Amino acid sequence: ADVMSEKGSQEIQGFLNANGVEKFDVVFLFSVTMWIHLHHGDSGLENLIKTCSKLSKYILMEPQPWKHYQTAARRMRKLGLEEFPLLNELKLRGEHLEPGLLEIARSAGMTVETQFGVTKWKRKLLLLKSNPT
């Protein structure tokens, strides 16, 4: 289900309700944060993290560094395609990207439980834990 749409969020909540659970144990966000950010902007990235924090006890996230955003934009230019329209409007960018992601997670009631080093693509793996309310 598309967690970025109201219909998708309702489907996910329906699945949880049908299975008698309040939240998933863990939601995996591998290689998706950049794409959500590029297509839905800063508010979309915030919505993704806040929605996932409501749906799960933990989030295992692999955020892409800013240089990968630049690489994606360069690929679009090389292919003669339109760049990402929201790219120049992003406030969470460059060295502010990761701290911004972590601030969004904190505002959603999550803390960084641990960092598992880096993947072969040189991306961090962050385990975020939902704080009891």
# chains A, B, ... in the order shown; residues from 1 in each chain; ligands from 1

call {"tool": "residues_around", "arguments": {"residues": "stretch 109-118 of chain A", "least_positions_apart": "3", "cutoff": "10 Å", "atoms": "only C-alpha atoms", "output": "list in words"}}
result
Ile49, Lys50, Ser53, Lys54, Lys57, Tyr58, Ile59, Leu60, Met61, Glu62, Leu102, Glu103, Ile104, Ala105, Arg106, Trp121, Lys122, Arg123, Lys124, Leu125, Leu126, Leu127, Leu128, Lys129, Ser130, Asn131, Pro132 and Thr133 of chain A

call {"tool": "select_by_dssp", "arguments": {"residues": "chain A", "states": "alpha helix (DSSP H)", "output": "MDAnalysis selection string"}}
result
chainID A and resid 6:18 33:55 66:78 97:107

call {"tool": "select_by_dssp", "arguments": {"residues": "chain A", "states": "strand (DSSP E)", "output": "VMD selection string"}}
result
chain A and resid 24 to 30 56 to 62 110 to 118 124 to 130

call {"tool": "residues_around", "arguments": {"residues": "stretch 4-21 of chain A", "least_positions_apart": "5", "cutoff": "12 Å", "atoms": "only C-alpha atoms", "output": "PyMOL selection string"}}
result
chain A and resi 27+32-33+35-37+39-41+43-52+54-57

call {"tool": "write_last_selection", "arguments": {"atoms": "N, CA and C atoms", "output": "tab-separated table (two decimals), in the first residue's frame"}}
result
chain	number	residue	atom	x	y	z
A	27	VAL	N	9.03	-1.29	10.73
A	27	VAL	CA	8.84	-0.86	9.36
A	27	VAL	C	10.22	-0.60	8.78
A	32	VAL	N	14.27	4.47	0.23
A	32	VAL	CA	13.04	5.14	-0.21
A	32	VAL	C	12.95	6.59	0.25
A	33	THR	N	13.67	6.97	1.30
A	33	THR	CA	13.49	8.31	1.84
A	33	THR	C	13.81	9.39	0.81
A	35	TRP	N	13.56	9.23	-2.48
A	35	TRP	CA	12.54	9.29	-3.52
A	35	TRP	C	11.27	9.97	-3.02
A	36	ILE	N	10.89	9.65	-1.79
A	36	ILE	CA	9.73	10.34	-1.19
A	36	ILE	C	10.03	11.82	-1.08
A	37	HIS	N	11.23	12.15	-0.62
A	37	HIS	CA	11.64	13.55	-0.45
A	37	HIS	C	11.63	14.29	-1.79
A	39	HIS	N	9.94	13.58	-4.52
A	39	HIS	CA	8.62	13.66	-5.17
A	39	HIS	C	7.54	14.32	-4.30
A	40	HIS	N	7.78	14.39	-2.98
A	40	HIS	CA	6.76	14.96	-2.09
A	40	HIS	C	7.29	16.11	-1.24
A	41	GLY	N	8.56	16.45	-1.39
A	41	GLY	CA	9.14	17.59	-0.67
A	41	GLY	C	9.40	17.31	0.79
A	43	SER	N	7.72	18.28	3.34
A	43	SER	CA	6.51	17.88	4.07
A	43	SER	C	6.18	16.41	3.82
A	44	GLY	N	6.47	15.92	2.63
A	44	GLY	CA	6.24	14.50	2.33
A	44	GLY	C	7.15	13.60	3.14
A	45	LEU	N	8.43	14.00	3.26
A	45	LEU	CA	9.37	13.22	4.07
A	45	LEU	C	8.92	13.21	5.53
A	46	GLU	N	8.50	14.35	6.02
A	46	GLU	CA	7.99	14.44	7.39
A	46	GLU	C	6.76	13.56	7.57
A	47	ASN	N	5.85	13.60	6.61
A	47	ASN	CA	4.63	12.78	6.66
A	47	ASN	C	4.98	11.29	6.68
A	48	LEU	N	5.95	10.88	5.85
A	48	LEU	CA	6.37	9.48	5.81
A	48	LEU	C	6.86	9.02	7.18
A	49	ILE	N	7.75	9.77	7.77
A	49	ILE	CA	8.33	9.36	9.05
A	49	ILE	C	7.28	9.39	10.16
A	50	LYS	N	6.46	10.41	10.18
A	50	LYS	CA	5.42	10.49	11.22
A	50	LYS	C	4.39	9.38	11.05
A	51	THR	N	4.01	9.09	9.82
A	51	THR	CA	3.05	8.01	9.58
A	51	THR	C	3.64	6.67	10.01
A	52	CYS	N	4.88	6.41	9.61
A	52	CYS	CA	5.52	5.14	9.98
A	52	CYS	C	5.72	5.03	11.48
A	54	LYS	N	3.70	6.13	13.73
A	54	LYS	CA	2.40	5.78	14.30
A	54	LYS	C	2.05	4.32	14.05
A	55	LEU	N	2.63	3.76	12.98
A	55	LEU	CA	2.29	2.40	12.57
A	55	LEU	C	3.22	1.33	13.12
A	56	SER	N	4.33	1.73	13.76
A	56	SER	CA	5.31	0.72	14.15
A	56	SER	C	6.01	1.06	15.46
A	57	LYS	N	6.53	0.02	16.07
A	57	LYS	CA	7.32	0.19	17.29
A	57	LYS	C	8.74	0.64	16.95

call {"tool": "closest_residue", "arguments": {"among": "A:Trp66, A:Lys120, A:Asp2, A:Gly80", "to": "A:His96", "atoms": "only C-alpha atoms"}}
result
A:Trp66

call {"tool": "atom_distance", "arguments": {"atom1": "atom CA of A:Pro85", "atom2": "atom CA of A:His68"}}
result
16.3 Å

call {"tool": "atom_distance", "arguments": {"atom1": "atom CA of A:Leu92", "atom2": "atom CA of A:Ala1"}}
result
26.0 Å

call {"tool": "atom_distance", "arguments": {"atom1": "atom CA of A:Thr71", "atom2": "atom CA of A:Arg93"}}
result
13.6 Å
